[in-house]
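One file, target12.cif, carrying mmCIF, C-alpha atoms and all ligand atoms:
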data_target
loop_
_atom_site.label_atom_id
_atom_site.label_comp_id
_atom_site.auth_asym_id
_atom_site.auth_seq_id
_atom_site.Cartn_x
_atom_site.Cartn_y
_atom_site.Cartn_z
CA MET A 109 0.00 0.00 0.00
CA THR A 110 1.35 3.46 -0.77
CA ASN A 111 2.04 5.65 2.21
CA THR A 112 0.20 8.84 1.49
CA SER A 113 0.77 11.92 3.55
CA PHE A 114 -1.85 14.58 4.31
CA ASN A 115 -1.11 18.10 5.58
CA ILE A 116 -3.32 19.18 8.46
CA VAL A 117 -3.47 22.67 9.95
CA LEU A 118 -4.35 22.43 13.64
CA LEU A 119 -5.77 25.44 15.47
CA LYS A 120 -6.43 24.35 19.04
CA GLY A 121 -7.74 27.78 20.05
CA ASP A 122 -9.02 28.62 23.51
CA GLY A 123 -10.31 26.96 26.66
CA ILE A 124 -11.33 23.34 26.25
CA GLY A 125 -10.51 23.64 22.52
CA VAL A 126 -6.92 22.86 23.50
CA ASP A 127 -7.79 19.75 25.55
CA VAL A 128 -10.26 18.27 23.09
CA SER A 129 -7.94 18.88 20.11
CA GLU A 130 -5.16 17.03 21.88
CA ALA A 131 -7.58 14.20 22.66
CA ALA A 132 -8.74 14.06 19.04
CA PHE A 133 -5.23 13.86 17.62
CA ALA A 134 -4.17 11.22 20.16
CA VAL A 135 -7.13 9.06 19.10
CA ILE A 136 -6.56 9.75 15.39
CA GLU A 137 -2.94 8.68 15.83
CA ALA A 138 -4.02 5.46 17.56
CA ALA A 139 -6.39 4.63 14.69
CA ARG A 140 -3.84 5.65 12.06
CA THR A 141 -1.15 3.38 13.42
CA ARG A 142 -3.67 0.54 13.70
CA ILE A 143 -4.77 0.90 10.07
CA GLY A 144 -1.56 2.11 8.41
CA GLY A 145 -1.17 3.24 4.82
CA PHE A 146 -1.25 6.99 5.40
CA GLU A 147 0.43 9.71 7.41
CA LEU A 148 -0.63 13.05 8.80
CA VAL A 149 1.75 15.99 8.91
CA VAL A 150 0.21 18.28 11.50
CA LYS A 151 1.15 21.95 11.58
CA GLU A 152 -0.05 23.60 14.76
CA LEU A 153 -0.65 27.34 14.63
CA ALA A 154 -1.73 29.80 17.30
CA ALA A 155 -5.28 31.07 17.08
CA GLY A 156 -8.00 32.48 19.26
CA ALA A 157 -8.92 35.03 21.85
CA ALA A 158 -6.03 34.44 24.27
CA TYR A 159 -3.60 34.74 21.36
CA PHE A 160 -5.39 37.93 20.25
CA GLN A 161 -4.95 39.42 23.71
CA GLU A 162 -1.21 38.88 23.67
CA SER A 163 -0.52 39.62 19.99
CA GLY A 164 -3.37 41.73 18.59
CA ARG A 165 -4.03 38.99 15.99
CA ASP A 166 -6.59 36.21 16.03
CA LEU A 167 -4.45 33.91 13.86
CA GLU A 168 -0.71 33.44 13.73
CA PRO A 169 0.82 35.21 10.69
CA GLY A 170 0.73 32.84 7.72
CA ALA A 171 -2.04 30.71 9.20
CA GLU A 172 -4.59 31.58 6.52
CA ASP A 173 -2.13 30.68 3.75
CA ALA A 174 -1.19 27.48 5.56
CA ALA A 175 -4.89 26.62 5.91
CA ALA A 176 -5.47 27.39 2.23
CA GLY A 177 -2.65 25.05 1.25
CA SER A 178 -3.56 22.24 3.65
CA ASP A 179 -5.56 19.09 3.01
CA ALA A 180 -7.77 19.80 6.03
CA ILE A 181 -8.13 22.28 8.88
CA PHE A 182 -8.94 21.14 12.42
CA LEU A 183 -10.18 23.70 14.92
CA GLY A 184 -10.70 23.15 18.65
CA ALA A 185 -12.75 26.10 19.86
CA ILE A 186 -12.24 29.84 19.75
CA GLY A 187 -13.42 32.67 21.96
CA LEU A 188 -13.26 33.84 25.56
CA PRO A 189 -16.03 35.96 27.06
CA HIS A 190 -13.95 38.96 28.16
CA ILE A 191 -11.84 39.28 25.00
CA ARG A 192 -13.36 41.07 22.01
CA TYR A 193 -12.31 42.84 18.83
CA GLN A 194 -12.24 46.64 19.08
CA ASP A 195 -15.82 46.85 17.76
CA GLY A 196 -17.03 44.64 20.63
CA THR A 197 -17.70 41.50 18.56
CA GLU A 198 -16.40 38.03 19.44
CA ILE A 199 -13.03 36.81 18.22
CA SER A 200 -13.97 34.60 15.28
CA PRO A 201 -11.35 33.79 12.63
CA HIS A 202 -13.49 30.70 12.09
CA LEU A 203 -16.27 32.75 10.45
CA ARG A 204 -13.66 34.45 8.29
CA MET A 205 -12.32 31.08 7.10
CA ARG A 206 -15.84 29.80 6.45
CA GLU A 207 -16.35 32.81 4.18
CA MET A 208 -12.86 32.75 2.66
CA PHE A 209 -12.98 29.05 1.77
CA GLN A 210 -16.71 29.06 0.95
CA LEU A 211 -17.46 26.16 3.29
CA TYR A 212 -21.08 25.82 2.24
CA ALA A 213 -21.83 22.30 3.50
CA GLY A 214 -22.18 22.20 7.29
CA VAL A 215 -22.42 18.53 8.29
CA ARG A 216 -23.79 17.72 11.77
CA PRO A 217 -24.25 14.01 12.52
CA VAL A 218 -26.78 13.24 15.26
CA LYS A 219 -26.56 9.68 16.56
CA ALA A 220 -27.84 7.93 19.68
CA TYR A 221 -25.10 5.88 21.33
CA PRO A 222 -26.00 3.02 23.67
CA ASN A 223 -26.09 3.99 27.37
CA ALA A 224 -25.60 7.68 26.51
CA PRO A 225 -28.37 10.03 27.62
CA GLN A 226 -31.56 9.94 25.58
CA ARG A 227 -33.98 12.79 26.01
CA LEU A 228 -36.97 10.95 24.55
CA ALA A 229 -38.74 8.19 26.46
CA ALA A 230 -39.67 6.20 23.34
CA SER A 231 -37.49 3.10 22.89
CA ASP A 232 -37.16 3.89 19.17
CA ALA A 233 -35.02 6.87 20.19
CA ALA A 234 -32.11 4.43 20.51
CA GLY A 235 -32.20 4.29 16.70
CA ILE A 236 -31.65 8.00 16.05
CA ASP A 237 -29.02 8.29 13.34
CA LEU A 238 -29.37 11.32 11.10
CA VAL A 239 -27.32 14.15 9.64
CA VAL A 240 -28.32 17.79 9.53
CA LEU A 241 -26.79 19.37 6.44
CA ARG A 242 -26.79 23.12 6.95
CA GLU A 243 -25.92 25.46 4.11
CA SER A 244 -23.39 27.72 5.77
CA THR A 245 -22.48 30.64 3.49
CA GLU A 246 -25.75 32.28 2.47
CA GLY A 247 -29.42 31.96 3.47
CA LEU A 248 -30.45 34.32 6.23
CA PHE A 249 -26.86 34.58 7.45
CA TYR A 250 -25.87 36.25 4.18
CA SER A 251 -26.53 39.67 5.60
CA ALA A 252 -25.35 38.94 9.15
CA ALA A 253 -23.39 41.76 10.65
CA ALA A 254 -20.31 39.53 10.86
CA HIS A 255 -20.20 39.46 7.05
CA GLY A 256 -20.44 43.25 6.83
CA ARG A 257 -23.57 43.05 4.71
CA ASP A 258 -26.22 44.02 7.24
CA THR A 259 -28.82 46.28 5.74
CA ILE A 260 -29.87 48.79 8.37
CA ALA A 261 -31.97 51.27 6.44
CA ASN A 262 -32.59 53.80 9.19
CA ASP A 263 -33.64 53.90 12.81
CA ASP A 264 -37.25 52.96 11.98
CA GLU A 265 -36.67 49.79 9.99
CA VAL A 266 -34.10 47.04 9.64
CA GLN A 267 -34.07 44.40 6.91
CA ASP A 268 -31.97 41.28 6.52
CA ILE A 269 -31.66 39.47 3.22
CA LEU A 270 -32.27 35.74 2.82
CA ARG A 271 -30.17 34.82 -0.20
CA ILE A 272 -30.40 31.51 -2.03
CA THR A 273 -28.20 31.12 -5.11
CA ARG A 274 -28.39 28.43 -7.73
CA PRO A 275 -24.68 27.45 -7.79
CA THR A 276 -24.44 26.96 -4.01
CA THR A 277 -27.81 25.24 -3.74
CA GLU A 278 -27.04 22.82 -6.55
CA LYS A 279 -23.78 21.87 -4.84
CA LEU A 280 -25.51 21.59 -1.47
CA HIS A 281 -28.22 19.24 -2.72
CA ASP A 282 -25.69 17.15 -4.63
CA PHE A 283 -23.69 16.91 -1.42
CA ALA A 284 -26.84 15.75 0.43
CA PHE A 285 -27.61 13.00 -2.10
CA LYS A 286 -24.01 11.80 -2.22
CA LEU A 287 -23.88 11.74 1.57
CA ALA A 288 -27.09 9.69 1.69
CA ALA A 289 -25.63 7.29 -0.91
CA LYS A 290 -22.49 6.88 1.17
CA ARG A 291 -24.52 6.25 4.32
CA LYS A 292 -26.66 3.76 2.40
CA ALA A 293 -23.55 1.86 1.37
CA ARG A 294 -22.76 1.57 5.10
CA GLY A 295 -26.23 0.27 5.96
CA GLY A 296 -28.10 3.59 6.24
CA GLN A 297 -31.52 4.41 4.83
CA GLY A 298 -30.36 6.39 1.79
CA HIS A 299 -32.94 9.14 2.08
CA VAL A 300 -32.81 12.95 1.86
CA THR A 301 -35.46 15.28 3.24
CA CYS A 302 -35.54 18.85 1.95
CA VAL A 303 -36.47 21.05 4.93
CA ASP A 304 -37.84 24.43 3.89
CA LYS A 305 -40.75 26.84 4.01
CA ALA A 306 -41.58 26.60 0.34
CA ASN A 307 -45.25 27.32 0.97
CA VAL A 308 -44.48 30.89 2.06
CA PHE A 309 -41.17 32.16 0.69
CA ARG A 310 -40.09 32.38 -2.94
CA SER A 311 -36.48 31.84 -1.86
CA MET A 312 -37.53 28.55 -0.28
CA ALA A 313 -39.62 27.49 -3.27
CA PHE A 314 -36.47 28.06 -5.31
CA PHE A 315 -34.45 25.96 -2.83
CA ARG A 316 -36.98 23.14 -3.24
CA LYS A 317 -37.11 23.50 -7.03
CA ILE A 318 -33.35 22.97 -7.20
CA PHE A 319 -33.71 19.99 -4.84
CA ASP A 320 -36.14 18.42 -7.33
CA GLU A 321 -33.84 19.15 -10.26
CA ARG A 322 -30.83 17.52 -8.59
CA ALA A 323 -32.85 14.62 -7.13
CA SER A 324 -33.46 13.21 -10.57
CA ALA A 325 -29.75 12.37 -10.83
CA PHE A 326 -29.98 10.14 -7.72
CA PRO A 327 -32.80 7.66 -8.41
CA ASP A 328 -31.52 5.18 -5.78
CA ILE A 329 -31.90 7.67 -2.98
CA GLY A 330 -35.27 8.29 -1.32
CA GLN A 331 -36.51 11.86 -1.38
CA GLY A 332 -39.01 13.82 0.65
CA TYR A 333 -39.91 17.29 1.88
CA SER A 334 -40.83 18.79 5.19
CA TYR A 335 -41.73 22.34 6.17
CA VAL A 336 -39.36 23.42 8.89
CA ASP A 337 -42.13 23.83 11.48
CA ALA A 338 -43.34 20.28 10.82
CA MET A 339 -39.73 19.09 11.07
CA ALA A 340 -39.40 20.68 14.52
CA LEU A 341 -42.46 18.67 15.57
CA ASP A 342 -41.29 15.42 13.96
CA LEU A 343 -37.81 15.66 15.44
CA ILE A 344 -39.49 15.32 18.84
CA ARG A 345 -42.16 12.81 17.71
CA LYS A 346 -40.11 10.44 15.54
CA PRO A 347 -36.52 11.56 14.85
CA TRP A 348 -35.47 7.94 14.18
CA VAL A 349 -37.23 7.95 10.78
CA PHE A 350 -34.87 10.55 9.27
CA ASP A 351 -31.57 10.14 7.47
CA VAL A 352 -30.13 13.26 5.76
CA LEU A 353 -31.91 16.58 6.29
CA VAL A 354 -30.82 19.41 3.98
CA MET A 355 -31.70 23.02 4.73
CA GLU A 356 -30.95 26.71 4.57
CA ASN A 357 -28.45 28.30 6.97
CA MET A 358 -30.74 29.73 9.67
CA PHE A 359 -32.99 26.69 9.74
CA GLY A 360 -29.88 24.52 10.05
CA ASP A 361 -28.56 26.64 12.89
CA ILE A 362 -31.71 25.99 14.92
CA ILE A 363 -32.54 22.44 13.85
CA SER A 364 -29.01 21.14 14.42
CA ASP A 365 -29.07 22.28 18.05
CA LEU A 366 -32.52 20.79 18.54
CA ALA A 367 -31.44 17.49 17.00
CA GLY A 368 -28.16 17.48 18.95
CA GLY A 369 -30.09 17.90 22.17
CA LEU A 370 -31.94 14.63 21.49
CA VAL A 371 -28.80 12.52 21.89
CA GLY A 372 -26.86 14.03 24.75
CA GLY A 373 -25.03 17.31 25.00
CA MET A 374 -22.55 19.59 23.30
CA GLY A 375 -19.74 17.16 24.00
CA MET A 376 -21.14 14.79 21.37
CA ALA A 377 -21.78 17.41 18.66
CA ALA A 378 -19.30 16.74 15.84
CA CYS A 379 -19.16 19.02 12.83
CA ALA A 380 -17.60 19.27 9.39
CA GLU A 381 -17.68 22.35 7.17
CA ILE A 382 -16.89 21.50 3.60
CA GLY A 383 -16.39 23.54 0.45
CA ASP A 384 -15.19 22.74 -3.05
CA GLU A 385 -11.51 22.96 -2.14
CA HIS A 386 -11.33 22.94 1.65
CA GLY A 387 -12.68 21.21 4.73
CA LEU A 388 -12.72 22.47 8.30
CA PHE A 389 -13.49 20.12 11.18
CA GLN A 390 -14.41 21.15 14.68
CA PRO A 391 -16.61 20.18 17.58
CA ALA A 392 -19.78 22.30 17.48
CA HIS A 393 -19.29 23.43 21.06
CA GLY A 394 -17.44 26.52 22.19
CA SER A 395 -14.43 26.98 24.47
CA ALA A 396 -16.60 26.33 27.58
CA PRO A 397 -14.75 28.73 29.91
CA ASP A 398 -16.75 27.37 32.87
CA ILE A 399 -14.87 24.06 32.71
CA MET A 400 -11.57 25.05 31.08
CA GLY A 401 -8.44 23.74 32.75
CA LEU A 402 -10.45 21.26 34.83
CA ASP A 403 -10.04 18.13 32.67
CA LYS A 404 -13.84 17.83 32.60
CA ALA A 405 -14.59 18.36 28.90
CA ASN A 406 -16.08 15.53 26.92
CA PRO A 407 -13.66 15.17 23.96
CA LEU A 408 -15.96 12.95 21.87
CA ALA A 409 -17.34 15.79 19.71
CA ALA A 410 -13.77 16.65 18.72
CA ILE A 411 -12.80 12.99 18.29
CA LEU A 412 -15.83 12.31 16.07
CA SER A 413 -15.02 15.49 14.12
CA GLY A 414 -11.58 13.97 13.61
CA ALA A 415 -13.26 10.87 12.18
CA LEU A 416 -15.22 13.12 9.79
CA MET A 417 -11.89 14.66 8.75
CA LEU A 418 -10.40 11.24 8.01
CA ASP A 419 -13.44 10.33 5.94
CA TYR A 420 -13.11 13.57 4.01
CA LEU A 421 -9.40 12.94 3.32
CA ALA A 422 -10.31 9.51 1.96
CA ASP A 423 -13.03 10.98 -0.26
CA ARG A 424 -10.77 13.67 -1.66
CA SER A 425 -7.76 11.45 -2.24
CA GLY A 426 -9.50 8.26 -3.29
CA ILE A 427 -7.36 6.42 -0.72
CA GLY A 428 -9.38 4.13 1.53
CA ALA A 429 -7.11 3.91 4.60
CA PRO A 430 -8.21 7.16 6.31
CA ALA A 431 -11.87 6.09 5.89
CA ASP A 432 -11.01 2.78 7.57
CA ALA A 433 -9.43 4.71 10.43
CA ALA A 434 -12.60 6.82 10.69
CA THR A 435 -14.75 3.69 10.81
CA LEU A 436 -12.47 2.25 13.50
CA ILE A 437 -12.88 5.37 15.67
CA GLU A 438 -16.67 5.46 15.24
CA ALA A 439 -16.99 1.76 16.00
CA ALA A 440 -14.78 2.14 19.08
CA VAL A 441 -16.96 4.97 20.41
CA ASN A 442 -20.05 2.85 19.85
CA GLN A 443 -18.46 -0.19 21.48
CA GLY A 444 -17.15 1.90 24.36
CA PHE A 445 -20.63 3.17 25.20
CA HIS A 446 -22.13 -0.26 24.69
CA ASP A 447 -19.66 -1.85 27.14
CA ARG A 448 -19.91 1.14 29.51
CA ARG A 449 -16.18 1.68 29.16
CA LEU A 450 -16.86 5.31 28.08
CA ARG A 451 -18.38 7.34 30.92
CA PRO A 452 -17.93 11.08 30.23
CA MET A 453 -18.35 13.46 33.15
CA GLU A 454 -20.72 15.44 30.95
CA PHE A 455 -23.17 12.54 31.36
CA GLY A 456 -22.56 12.09 35.07
CA GLY A 457 -19.72 9.58 34.64
CA SER A 458 -16.31 9.56 36.24
CA GLN A 459 -14.06 10.09 33.21
CA GLY A 460 -12.46 13.43 32.58
CA THR A 461 -10.99 14.35 29.22
CA ARG A 462 -7.73 12.47 29.64
CA ALA A 463 -9.20 9.32 31.22
CA LEU A 464 -11.84 8.99 28.53
CA THR A 465 -9.29 9.53 25.78
CA SER A 466 -6.95 6.86 27.07
CA GLU A 467 -9.85 4.41 27.51
CA LEU A 468 -10.88 5.01 23.91
CA ILE A 469 -7.30 4.46 22.74
CA ASP A 470 -7.32 1.13 24.62
CA ILE A 471 -10.59 0.17 22.93
CA ILE A 472 -9.06 0.99 19.54
CA ALA A 473 -6.03 -1.13 20.40
CA ASP A 474 -8.35 -4.04 21.31
CA SER A 475 -10.59 -3.65 18.23
CA PRO A 476 -10.46 -6.18 15.45
CA VAL A 477 -9.24 -4.66 12.21
CA ALA A 478 -9.87 -6.33 8.86
CA VAL A 479 -6.60 -6.61 6.95
P1 LIG A 501 -20.05 29.40 21.81
O1 LIG A 501 -20.91 30.61 21.63
O2 LIG A 501 -18.65 29.60 21.38
O3 LIG A 501 -20.66 28.14 21.27
P2 LIG A 501 -21.03 28.99 24.47
O4 LIG A 501 -20.49 29.52 25.79
O5 LIG A 501 -22.36 29.44 24.02
O6 LIG A 501 -19.91 29.20 23.37
P3 LIG A 501 -20.11 26.35 24.91
O7 LIG A 501 -18.75 26.87 25.10
O8 LIG A 501 -20.29 25.30 23.90
O9 LIG A 501 -21.14 27.45 24.52
O10 LIG A 501 -20.67 25.87 26.31
C1 LIG A 501 -22.05 25.71 26.60
C2 LIG A 501 -22.21 24.79 27.80
O11 LIG A 501 -21.95 23.45 27.40
C3 LIG A 501 -21.26 25.11 28.94
O12 LIG A 501 -21.89 24.92 30.18
C4 LIG A 501 -20.16 24.11 28.77
O13 LIG A 501 -19.53 23.76 29.96
C5 LIG A 501 -20.88 22.90 28.16
N1 LIG A 501 -19.98 22.20 27.25
C6 LIG A 501 -19.61 22.59 26.01
N2 LIG A 501 -18.77 21.72 25.45
C7 LIG A 501 -18.61 20.73 26.34
C8 LIG A 501 -17.85 19.52 26.34
N3 LIG A 501 -17.09 19.16 25.30
N4 LIG A 501 -17.92 18.73 27.44
C9 LIG A 501 -18.68 19.07 28.49
N5 LIG A 501 -19.41 20.18 28.54
C10 LIG A 501 -19.39 21.01 27.49
#
As structure tokens:
Amino acid sequence: MTNTSFNIVLLKGDGIGVDVSEAAFAVIEAARTRIGGFELVVKELAAGAAYFQESGRDLEPGAEDAAAGSDAIFLGAIGLPHIRYQDGTEISPHLRMREMFQLYAGVRPVKAYPNAPQRLAASDAAGIDLVVLRESTEGLFYSAAAHGRDTIANDDEVQDILRITRPTTEKLHDFAFKLAAKRKARGGQGHVTCVDKANVFRSMAFFRKIFDERASAFPDIGQGYSYVDAMALDLIRKPWVFDVLVMENMFGDIISDLAGGLVGGMGMAACAEIGDEHGLFQPAHGSAPDIMGLDKANPLAAILSGALMLDYLADRSGIGAPADAATLIEAAVNQGFHDRRLRPMEFGGSQGTRALTSELIDIIADSPVAV
């Protein structure tokens, strides 16, 4: 097997971002050595609010170029409550990179693990396994103040623009169908639901029209629609029936938190942000200043984001080994919960960040690997 090397830019950031990034890369390394066939060259660069306070920059000089030239970017978490830019807004080089690299596909897997908290009493809730695919560069966030496109007309009226463009929406829906096909190949349902408000907004009718256009190229994948209000209801009533849910930015912002809440807490919320040329991987949680430095953070969101990164590297390179490493990590997390070997403090267990990480590394070492 050829030994392929991937360049990763690592921005650990602030607070628990540092701890969970270290956990993620320790687990990735354990899986990588187990599987073999590829290498990661990790370039760590300073980023975040604490770095801003000491240097006046939110990213180390050269970091954006390094990120642009890398195979993937991994981000821990950025931001500390008392440190702001001069205009009072939060330190967020992440939003800048999302814009710069046009990371339109926000991927948020939502999966119920055995013996992890379930918020729904129904036994079917153990079968929750879906992905929220959130468009992340336009929609109602297009005019967000952070993008400098807010449209304050005067002191009597404020308008925000909800922008849906054909090129981005075509790519987004294609991404959704390909993701469903990939999940189907691994035993998933192979179904995409277009979540919108097409009965009220022309922008949303356009979003759905493009969904229909692209759907015809994926006849093996099931297709359906849901208005976003009905989806909010169904995610409480029967979330286990869904597979891939594709939606506009603001809807995705809300629905992904709702769906994440069904299967535990922020410490399980993995995330990938993918564009045509770049991918950024990070846990969906913040720097959690309330628990920073206490070894209490659940690193699984970061670790599962690392698995998403490995999968992405495999997709982009056509080399299977990183995908095998991703599968190994996901299976180990599942097995660890099943055997009650993973007991994060976030869920009332005894394992802090380091203890949980080393237990998971042991599980990976014990796991059977097909050669
Ligand atoms: P941001 O706006 O950057 O998302 P936030 O303060 O709104 O930041 P988080 O930093 O994600 O949100 O923290 C929200 C709550 O969830 C906090 O109480 C925090 O301790 C908890 N939390 C977040 N991530 C984890 C984790 N990995 N493990 C355990 N608890 C976590």
message = How would you report the residues lying within 8 Å of ligand LIG 501 (chain A), as a ChimeraX atom specification, if you count all atoms listed in the file?
response = /A:124,128,185-187,189,373-376,391-399,404-410,453-454
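The space separating CA of Asp342 in chain A from CA of Gly296 in chain A comes to 19.3 Å.
The interatomic distance for the pair CA of Ile199 in chain A and CA of Asp166 in chain A works out to 6.8 Å.
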message = Given only C-alpha atoms as the basis, pick out the residue of A:Ala429, A:Val215, A:Ala176, A:Ala224 nearest to Val371 in chain A.
response = A:Ala224
request  = For CA of Ser425 in chain A and CA of Gly121 in chain A, quote the distance in Å rounded to one decimal.
outcome  = 27.6 Å
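Of the listed residues A:Lys292, A:Pro222, A:Glu356, A:Leu119, the one whose atoms come nearest to Ala313 in chain A is A:Glu356, with distances taken using only C-alpha atoms.
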ask   = Using all atoms listed in the file, can you list as a ChimeraX atom specification the residues within 8 Å of (-27.9, 16.1, 9.4)?
value = /A:215-218,238-242,351-354,364
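The shortest atom-to-atom distance to Arg451 in chain A, with all atoms listed in the file taken into account, belongs to A:Asn223 out of A:His190, A:Asn223, A:Leu436, A:Phe314.
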inquiry  = What's around Lys120 in chain A at 8 Å? Count all atoms listed in the file, leave out sequence neighbours fewer than 3 positions away in its own chain, and write the answer as a ChimeraX atom specification.
reply    = /A:125-126,129-130,152-155,182-185
Keeping only C-alpha atoms, write those residues as a PDB file, in the coordinates of the input.
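The result, written out as out.pdb:
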ATOM      1  CA  GLY A 125     -10.510  23.640  22.520  1.00  0.00           C
ATOM      2  CA  VAL A 126      -6.920  22.860  23.500  1.00  0.00           C
ATOM      3  CA  SER A 129      -7.940  18.880  20.110  1.00  0.00           C
ATOM      4  CA  GLU A 130      -5.160  17.030  21.880  1.00  0.00           C
ATOM      5  CA  GLU A 152      -0.050  23.600  14.760  1.00  0.00           C
ATOM      6  CA  LEU A 153      -0.650  27.340  14.630  1.00  0.00           C
ATOM      7  CA  ALA A 154      -1.730  29.800  17.300  1.00  0.00           C
ATOM      8  CA  ALA A 155      -5.280  31.070  17.080  1.00  0.00           C
ATOM      9  CA  PHE A 182      -8.940  21.140  12.420  1.00  0.00           C
ATOM     10  CA  LEU A 183     -10.180  23.700  14.920  1.00  0.00           C
ATOM     11  CA  GLY A 184     -10.700  23.150  18.650  1.00  0.00           C
ATOM     12  CA  ALA A 185     -12.750  26.100  19.860  1.00  0.00           C
TER      13      ALA A 185
END
remark   = Across A:Leu412, A:Gly298, A:Ile236, A:Ile472, the smallest distance to Leu343 in chain A, with all atoms listed in the file counted, is shown by A:Ile236
Box dimensions and centre (Å, one decimal) enclosing range 441-460 of chain A, axis-aligned, 4 Å extra per side, as AutoDock Vina command-line options:
--center_x -17.8 --center_y 6.8 --center_z 28.0 --size_x 18.7 --size_y 25.3 --size_z 24.4
Long-range neighbours of range 321-333 of chain A as a VMD selection string, 8 Å cut-off, all atoms listed in the file, 4 positions minimum in chain = chain A and resid 278 281 to 282 285 288 to 289 298 to 304 317
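Compared by their closest atoms to Gly247 in chain A, and using only C-alpha atoms, the residues A:Gly156, A:Pro225, A:Gly360, A:Pro430 rank with A:Gly360 nearest.
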